[in-house]
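Structure file final-v9.cif (mmCIF, C-alpha atoms) is printed below.
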data_entry
#
loop_
_atom_site.label_atom_id
_atom_site.label_comp_id
_atom_site.auth_asym_id
_atom_site.auth_seq_id
_atom_site.Cartn_x
_atom_site.Cartn_y
_atom_site.Cartn_z
CA MET P 82 26.57 81.35 -198.68
CA ASP P 83 29.13 82.81 -201.08
CA ASP P 84 32.89 82.27 -201.02
CA GLN P 85 33.66 85.44 -199.06
CA GLN P 86 31.12 84.58 -196.35
CA ARG P 87 32.51 81.06 -196.06
CA LYS P 88 36.05 82.41 -195.84
CA ALA P 89 35.08 84.87 -193.09
CA ILE P 90 33.50 82.08 -191.02
CA VAL P 91 36.54 79.84 -191.37
CA LYS P 92 38.92 82.68 -190.44
CA GLU P 93 36.86 83.62 -187.38
CA THR P 94 36.69 79.98 -186.28
CA PHE P 95 40.44 79.46 -186.43
CA ASP P 96 41.22 82.77 -184.77
CA THR P 97 38.92 81.63 -181.95
CA VAL P 98 40.37 78.13 -181.51
CA SER P 99 44.04 79.04 -182.06
CA ARG P 100 45.04 78.98 -178.39
CA GLY P 101 43.74 75.44 -177.91
CA TYR P 102 44.79 74.05 -181.28
CA ASP P 103 48.10 72.66 -180.00
CA GLY P 104 46.60 70.82 -177.04
CA SER P 105 47.67 67.22 -176.45
CA SER P 106 44.23 65.89 -177.41
CA LEU P 107 44.91 67.06 -181.00
CA ARG P 108 48.30 65.36 -181.21
CA PHE P 109 47.38 63.78 -184.54
CA PHE P 110 48.36 67.09 -186.16
CA PRO P 111 52.08 67.00 -185.26
CA ARG P 112 52.20 63.22 -185.84
CA SER P 113 50.77 63.69 -189.32
CA ALA P 114 53.15 66.57 -190.02
CA GLU P 115 56.15 64.36 -189.25
CA ASN P 116 54.87 61.83 -191.80
CA MET P 117 54.46 64.59 -194.37
CA ALA P 118 58.02 65.85 -193.87
CA VAL P 119 59.42 62.35 -194.35
CA LEU P 120 57.28 61.48 -197.38
CA LEU P 121 58.19 64.75 -199.10
CA ASP P 122 61.75 63.35 -199.31
CA LEU P 123 63.67 66.62 -199.46
CA LYS P 124 67.39 66.98 -200.12
CA GLY P 125 67.82 69.64 -197.43
CA ASP P 126 68.50 72.83 -199.36
CA GLU P 127 65.05 73.59 -200.78
CA GLN P 128 62.84 76.65 -200.50
CA VAL P 129 59.45 75.29 -199.42
CA LEU P 130 56.07 77.03 -199.35
CA ASP P 131 53.62 75.86 -196.64
CA VAL P 132 50.08 76.98 -197.49
CA ALA P 133 47.34 77.32 -194.82
CA CYS P 134 50.04 76.61 -192.25
CA GLY P 135 47.84 77.00 -189.16
CA THR P 136 49.94 76.83 -186.00
CA GLY P 137 52.89 75.56 -188.01
CA HIS P 138 52.87 71.79 -187.55
CA ALA P 139 53.97 71.02 -191.12
CA SER P 140 56.15 74.15 -191.33
CA LEU P 141 58.17 73.11 -188.30
CA ALA P 142 58.46 69.46 -189.35
CA VAL P 143 59.65 70.40 -192.84
CA ALA P 144 62.04 73.09 -191.55
CA ARG P 145 63.82 70.46 -189.47
CA LYS P 146 64.57 68.60 -192.73
CA LEU P 147 66.16 71.70 -194.29
CA PRO P 148 69.57 72.39 -192.77
CA ASN P 149 70.37 74.57 -195.79
CA GLY P 150 66.87 75.51 -196.85
CA ARG P 151 63.92 77.59 -195.71
CA VAL P 152 60.15 77.42 -195.24
CA THR P 153 57.81 80.29 -196.08
CA ALA P 154 54.51 79.66 -194.28
CA VAL P 155 51.24 81.44 -195.07
CA ASP P 156 47.88 81.57 -193.28
CA PHE P 157 45.07 84.12 -193.08
CA SER P 158 44.39 83.58 -189.35
CA THR P 159 46.35 86.00 -187.19
CA GLY P 160 45.62 83.84 -184.14
CA MET P 161 47.07 80.71 -185.73
CA LEU P 162 50.13 82.59 -186.99
CA GLY P 163 50.77 83.97 -183.52
CA GLN P 164 50.87 80.44 -182.12
CA ALA P 165 53.12 79.28 -184.97
CA ARG P 166 55.65 82.07 -184.42
CA SER P 167 55.73 81.40 -180.66
CA LYS P 168 56.41 77.69 -181.20
CA ALA P 169 59.18 78.31 -183.72
CA GLU P 170 60.85 80.78 -181.36
CA ALA P 171 60.55 78.43 -178.38
CA LEU P 172 62.07 75.58 -180.40
CA GLY P 173 64.85 77.75 -181.77
CA ILE P 174 63.87 77.05 -185.38
CA ARG P 175 65.01 80.05 -187.42
CA ASN P 176 64.59 78.92 -191.02
CA ILE P 177 60.88 79.73 -191.21
CA GLN P 178 59.19 82.94 -192.23
CA PHE P 179 55.51 83.21 -191.28
CA ALA P 180 53.32 85.59 -193.29
CA GLU P 181 49.65 86.52 -193.22
CA GLY P 182 48.00 85.83 -196.56
CA ASP P 183 45.10 84.25 -198.42
CA MET P 184 45.88 80.87 -199.98
CA GLN P 185 43.56 81.75 -202.86
CA ASP P 186 45.79 84.71 -203.74
CA LEU P 187 49.35 83.74 -202.85
CA PRO P 188 51.61 86.82 -203.00
CA PHE P 189 54.59 85.16 -204.67
CA PRO P 190 55.81 85.10 -208.28
CA THR P 191 55.31 82.00 -210.38
CA GLY P 192 57.98 79.36 -209.79
CA SER P 193 59.35 80.85 -206.57
CA PHE P 194 59.70 77.60 -204.60
CA ASP P 195 61.20 74.14 -204.94
CA ALA P 196 58.23 72.48 -203.22
CA ALA P 197 54.91 73.30 -201.56
CA THR P 198 52.77 71.70 -198.87
CA CYS P 199 49.19 72.16 -197.70
CA SER P 200 48.32 70.22 -194.57
CA PHE P 201 44.59 69.70 -193.89
CA GLY P 202 43.74 72.87 -195.76
CA ILE P 203 42.81 72.21 -199.39
CA PHE P 204 39.24 71.13 -198.54
CA PHE P 205 38.31 74.52 -197.09
CA VAL P 206 38.03 75.79 -200.68
CA MET P 207 35.12 74.62 -202.81
CA ASP P 208 37.13 74.57 -206.04
CA MET P 209 39.98 72.38 -204.81
CA GLU P 210 41.30 71.80 -208.33
CA ALA P 211 41.80 75.52 -208.93
CA GLN P 212 43.34 75.94 -205.49
CA LEU P 213 45.82 73.12 -206.02
CA ALA P 214 46.76 74.48 -209.45
CA HIS P 215 47.29 77.91 -207.85
CA ILE P 216 49.65 76.43 -205.26
CA ALA P 217 51.48 74.42 -207.93
CA SER P 218 52.03 77.57 -210.00
CA ARG P 219 54.27 78.93 -207.24
CA VAL P 220 56.53 75.87 -207.53
CA LYS P 221 59.29 75.54 -210.10
CA PRO P 222 58.78 73.07 -212.98
CA GLY P 223 59.71 69.64 -211.66
CA GLY P 224 59.03 70.72 -208.07
CA LYS P 225 56.86 68.76 -205.65
CA VAL P 226 53.44 69.63 -204.26
CA MET P 227 52.03 67.65 -201.32
CA ILE P 228 48.74 67.80 -199.43
CA SER P 229 47.38 65.87 -196.47
CA ASN P 230 43.71 65.23 -195.75
CA PHE P 231 41.50 62.90 -193.76
CA GLN P 232 40.29 59.53 -194.97
CA GLU P 233 36.51 59.18 -195.13
CA ASP P 234 36.08 57.21 -191.91
CA TYR P 235 38.34 59.40 -189.77
CA PHE P 236 37.23 59.78 -186.12
CA HIS P 237 34.74 56.91 -186.59
CA PRO P 238 32.48 56.36 -184.66
CA LEU P 239 32.98 59.51 -182.56
CA LYS P 240 32.38 61.89 -185.46
CA ASP P 241 29.24 60.02 -186.49
CA LEU P 242 27.81 60.28 -182.97
CA PHE P 243 28.69 63.97 -182.85
CA LEU P 244 27.02 64.81 -186.16
CA GLY P 245 24.03 62.62 -185.36
CA ARG P 246 23.53 64.35 -182.02
CA LEU P 247 23.85 67.76 -183.67
CA SER P 248 21.18 66.77 -186.19
CA ALA P 249 18.86 65.76 -183.34
CA TYR P 250 19.43 69.23 -181.90
CA GLY P 251 18.49 70.84 -185.22
CA VAL P 252 21.96 71.63 -186.61
CA GLN P 253 22.48 70.24 -190.08
CA GLU P 254 25.74 68.87 -191.38
CA PRO P 255 27.50 71.34 -193.74
CA PRO P 256 28.28 70.37 -197.36
CA GLN P 257 30.75 67.50 -197.40
CA SER P 258 32.84 68.51 -200.41
CA TRP P 259 35.95 67.12 -198.67
CA LYS P 260 34.63 63.62 -199.28
CA ARG P 261 35.69 63.92 -202.94
CA ILE P 262 39.27 63.46 -201.76
CA SER P 263 38.62 61.09 -198.86
CA ASN P 264 40.07 58.14 -200.76
CA ALA P 265 43.13 57.50 -202.91
CA ALA P 266 41.20 57.63 -206.20
CA GLY P 267 39.75 61.04 -205.34
CA CYS P 268 43.16 62.43 -204.38
CA ARG P 269 44.69 61.15 -207.59
CA GLN P 270 41.87 62.68 -209.64
CA LEU P 271 42.37 66.04 -207.89
CA PHE P 272 46.06 66.11 -208.75
CA GLU P 273 45.49 64.98 -212.33
CA THR P 274 42.85 67.68 -212.91
CA ALA P 275 45.19 70.30 -211.43
CA GLY P 276 47.78 69.26 -214.03
CA LEU P 277 50.30 67.53 -211.79
CA THR P 278 52.25 64.42 -212.76
CA GLY P 279 54.14 61.60 -211.03
CA ILE P 280 51.31 61.32 -208.52
CA ARG P 281 51.69 59.13 -205.45
CA VAL P 282 49.17 58.59 -202.63
CA GLU P 283 50.18 57.17 -199.25
CA GLN P 284 47.94 56.29 -196.31
CA ARG P 285 48.94 56.40 -192.64
CA ASN P 286 46.91 56.04 -189.46
CA VAL P 287 48.02 58.45 -186.73
CA GLY P 288 45.30 57.47 -184.27
CA TYR P 289 45.65 56.92 -180.52
CA HIS P 290 43.61 56.27 -177.39
CA LEU P 291 41.99 59.21 -175.64
CA ALA P 292 41.97 59.04 -171.84
CA GLY P 293 38.27 59.83 -171.73
CA ALA P 294 35.35 61.69 -173.27
CA GLY P 295 36.77 65.01 -172.08
CA GLU P 296 39.68 64.69 -174.49
CA TRP P 297 37.23 64.19 -177.35
CA TRP P 298 35.49 67.42 -176.33
CA ASP P 299 38.88 69.17 -176.42
CA ILE P 300 39.10 68.14 -180.10
CA VAL P 301 35.56 69.30 -180.81
CA TRP P 302 35.99 72.64 -179.05
CA ASN P 303 39.50 73.48 -180.22
CA ALA P 304 39.17 72.72 -183.92
CA GLY P 305 36.73 73.18 -186.80
CA TYR P 306 33.80 71.41 -185.13
CA ARG P 307 33.41 74.29 -182.70
CA ARG P 308 31.60 76.39 -185.31
CA LEU P 309 28.92 73.69 -185.55
CA VAL P 310 28.35 73.63 -181.79
CA ALA P 311 28.24 77.44 -181.85
CA GLN P 312 25.12 77.26 -184.04
CA LEU P 313 23.19 76.01 -181.01
CA PRO P 314 21.58 78.59 -178.71
CA ALA P 315 23.91 79.34 -175.80
CA ASP P 316 21.50 77.79 -173.29
CA ARG P 317 21.54 74.47 -175.18
CA GLN P 318 25.27 74.11 -175.76
CA GLU P 319 25.96 72.72 -172.29
CA GLU P 320 23.03 70.32 -172.60
CA PHE P 321 24.42 69.13 -175.94
CA ARG P 322 27.89 68.68 -174.49
CA ARG P 323 26.59 66.63 -171.58
CA ASP P 324 24.39 64.39 -173.75
CA HIS P 325 27.09 63.87 -176.35
CA LEU P 326 29.88 63.08 -173.90
CA GLU P 327 27.67 60.52 -172.18
CA GLU P 328 27.42 58.54 -175.43
CA ILE P 329 31.13 58.96 -176.12
CA ASP P 330 32.04 57.77 -172.62
CA ALA P 331 30.14 54.53 -173.32
CA LEU P 332 32.84 53.68 -175.89
CA LYS P 333 35.60 53.60 -173.31
CA SER P 334 37.62 50.41 -172.94
CA LYS P 335 40.44 49.55 -170.54
CA ASP P 336 42.80 51.38 -172.92
CA GLY P 337 40.62 54.46 -173.28
CA ILE P 338 38.62 55.66 -176.30
CA TRP P 339 40.19 54.90 -179.66
CA LEU P 340 40.50 57.91 -181.97
CA ASP P 341 40.92 56.58 -185.49
CA VAL P 342 42.76 59.10 -187.67
CA GLY P 343 43.36 57.86 -191.19
CA VAL P 344 45.33 60.39 -193.24
CA LEU P 345 46.03 60.48 -196.97
CA TYR P 346 49.24 62.10 -198.25
CA THR P 347 49.29 62.96 -201.94
CA VAL P 348 52.34 64.24 -203.78
CA GLY P 349 52.81 65.22 -207.39
CA GLU P 350 55.14 67.26 -209.55
CA ARG P 351 54.66 70.40 -211.57
CA PRO P 352 55.36 69.37 -215.20
CA LEU P 353 58.63 70.45 -216.76
#
Could you render the structure as structure tokens?
Amino acid sequence: MDDQQRKAIVKETFDTVSRGYDGSSLRFFPRSAENMAVLLDLKGDEQVLDVACGTGHASLAVARKLPNGRVTAVDFSTGMLGQARSKAEALGIRNIQFAEGDMQDLPFPTGSFDAATCSFGIFFVMDMEAQLAHIASRVKPGGKVMISNFQEDYFHPLKDLFLGRLSAYGVQEPPQSWKRISNAAGCRQLFETAGLTGIRVEQRNVGYHLAGAGEWWDIVWNAGYRRLVAQLPADRQEEFRRDHLEEIDALKSKDGIWLDVGVLYTVGERPL
């Protein structure tokens, strides 16, 4: 599969799941975005670029920290952008501009922004170093660049059971290039290779208890995992769902089912 084919699959997936992406089962996204906005440590008057903004979790969190600044948010999924615009309007947040665009070809001059963010997006590109350098080029010298991504054991053991069950059904796990940045050392290496300095990596867990196995399926069906389930023949998808949720339900305690969500936040500066 070449880069264009991979990009088309990702775009189609996120257009498909956009309406369910802000469901309460996926509340780790807004929780993580709040952490990102705080850790970015803005003064309040910056122009910030949010790359692969999705439904605007990071865009909205950062915009709230900018009483005299503005966020420009870019994504190539029209479905996700539609959700983002609706949320911003409902919340009365006016200092965001959402634009459709490819993060591999950002339509802005070099040095246009004071800072840039990319929340859970950098790992969708195989050459993450080149992508990060491309984002950094749109930031002024001395400006900050921050990404967020999952730690290696995120969603454990639910994710492991999901992928194991898929394998038993004949669907193979896709390339795990994201694992290169699933720890602090990998994140630091990514930023160093992309030419950034003053690198800092922070870890936060934004996990919570799910009420039951159905909430886990909401996460599977309304995010990136859906494209893996879609590889099954239609007449086997319901069988898979039933079998998988039975094993997930066995994990339930009196508090529910723990969803472990370890997130790494990495920030660096474009050299002067």
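Put simply, the PyMOL selection byres ((chain P and resi 276) around 10) on this file hits Glu210, Leu213, Ala214, Ala217, Gln270, Leu271, Phe272, Glu273, Thr274, Ala275, Leu277, Thr278, Gly349, Glu350, Arg351 and Pro352 of chain P.
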Can I get the residues of stretch 150-233 of chain P within 6 Å of stretch 325-348 of chain P, each with the closest pair of atoms and their distance in Å to one decimal, using all atoms listed in the file, sorted chain first then ascending number, as JSON lines?
{"residue": "P:Val226", "atom": "CA", "partner": "P:Val348", "partner_atom": "CA", "distance": 5.5}
{"residue": "P:Met227", "atom": "CA", "partner": "P:Val348", "partner_atom": "CA", "distance": 4.2}
{"residue": "P:Ile228", "atom": "CA", "partner": "P:Thr347", "partner_atom": "CA", "distance": 5.5}
{"residue": "P:Ser229", "atom": "CA", "partner": "P:Tyr346", "partner_atom": "CA", "distance": 4.6}
{"residue": "P:Asn230", "atom": "CA", "partner": "P:Leu345", "partner_atom": "CA", "distance": 5.4}
{"residue": "P:Phe231", "atom": "CA", "partner": "P:Val344", "partner_atom": "CA", "distance": 4.6}
{"residue": "P:Gln232", "atom": "CA", "partner": "P:Gly343", "partner_atom": "CA", "distance": 5.1}
Counting all atoms listed in the file, which residues come within 10 Å of (71.5, 71.5, -195.4), with the point read in the file's coordinates, and could you list them as a count of residues only? 11
So that I can see what lies close to P:Ala144, please list as an mmCIF file with C-alpha atoms, in the frame of the given file the residues with an atom at most 9 Å from it, counting all atoms listed in the file and leaving out residues fewer than 5 positions away in the same chain.
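For reference, around_27.cif as written:
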data_model
loop_
_atom_site.group_PDB
_atom_site.id
_atom_site.type_symbol
_atom_site.label_atom_id
_atom_site.label_comp_id
_atom_site.auth_asym_id
_atom_site.auth_seq_id
_atom_site.Cartn_x
_atom_site.Cartn_y
_atom_site.Cartn_z
ATOM 1 C CA ALA P 118 58.020 65.850 -193.870
ATOM 2 C CA GLY P 125 67.820 69.640 -197.430
ATOM 3 C CA VAL P 129 59.450 75.290 -199.420
ATOM 4 C CA ALA P 139 53.970 71.020 -191.120
ATOM 5 C CA GLY P 150 66.870 75.510 -196.850
ATOM 6 C CA ARG P 151 63.920 77.590 -195.710
ATOM 7 C CA VAL P 152 60.150 77.420 -195.240
ATOM 8 C CA ILE P 174 63.870 77.050 -185.380
ATOM 9 C CA ARG P 175 65.010 80.050 -187.420
ATOM 10 C CA ASN P 176 64.590 78.920 -191.020
ATOM 11 C CA ILE P 177 60.880 79.730 -191.210
#
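In this comparison, which uses only C-alpha atoms, the residue of P:Phe205, P:Arg219, P:Asp241, P:Glu320 approaching P:Ile90 most closely is P:Phe205.
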Starting from the PyMOL selection byres ((chain P and resi 244-254) around 10), expand the selection into actual residues of this file and give them as a VMD selection string.
chain P and resid 239 to 243 255 to 257 306 309 to 313 317 to 318 321 to 322 324 to 325 328
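Ranking P:Lys221, P:Arg308, P:Arg112, P:Arg285 by their shortest atom-to-atom distance to P:Leu353, with all atoms listed in the file included, puts P:Lys221 first.
Here atom CA of P:Asp299 and atom CA of P:Arg108 stand 11.2 Å from one another.
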**Message:** Show me, as a list in words, the residues that have an atom within 8 Å of P:Gln164 when counting all atoms listed in the file, minus same-chain residues fewer than 4 positions from it.
**Reply:** Ser99, Arg100, Thr136, Gly137, Gly160 and Lys168 of chain P
P:Trp302 proximity check over P:Ala211, P:Cys134, P:Ile216, P:Leu107, using only C-alpha atoms: winner is P:Leu107
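With only C-alpha atoms as the basis for measurement, P:Asp96 is the residue among P:Asp84, P:Asp96, P:Asp131, P:Glu283 that approaches P:Ala304 most closely.
The smallest atom-to-atom distance between P:Glu115 and any of P:Thr94, P:Val287, P:His237, P:Val282, using all atoms listed in the file, is found for P:Val287.
When atom CA of P:Gln185 is paired with atom CA of P:Ser218, their separation reads 11.8 Å.
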Closest of P:Asp186, P:Glu170, P:Asp156, P:Asp122 to P:Leu141, counting only C-alpha atoms, is P:Glu170
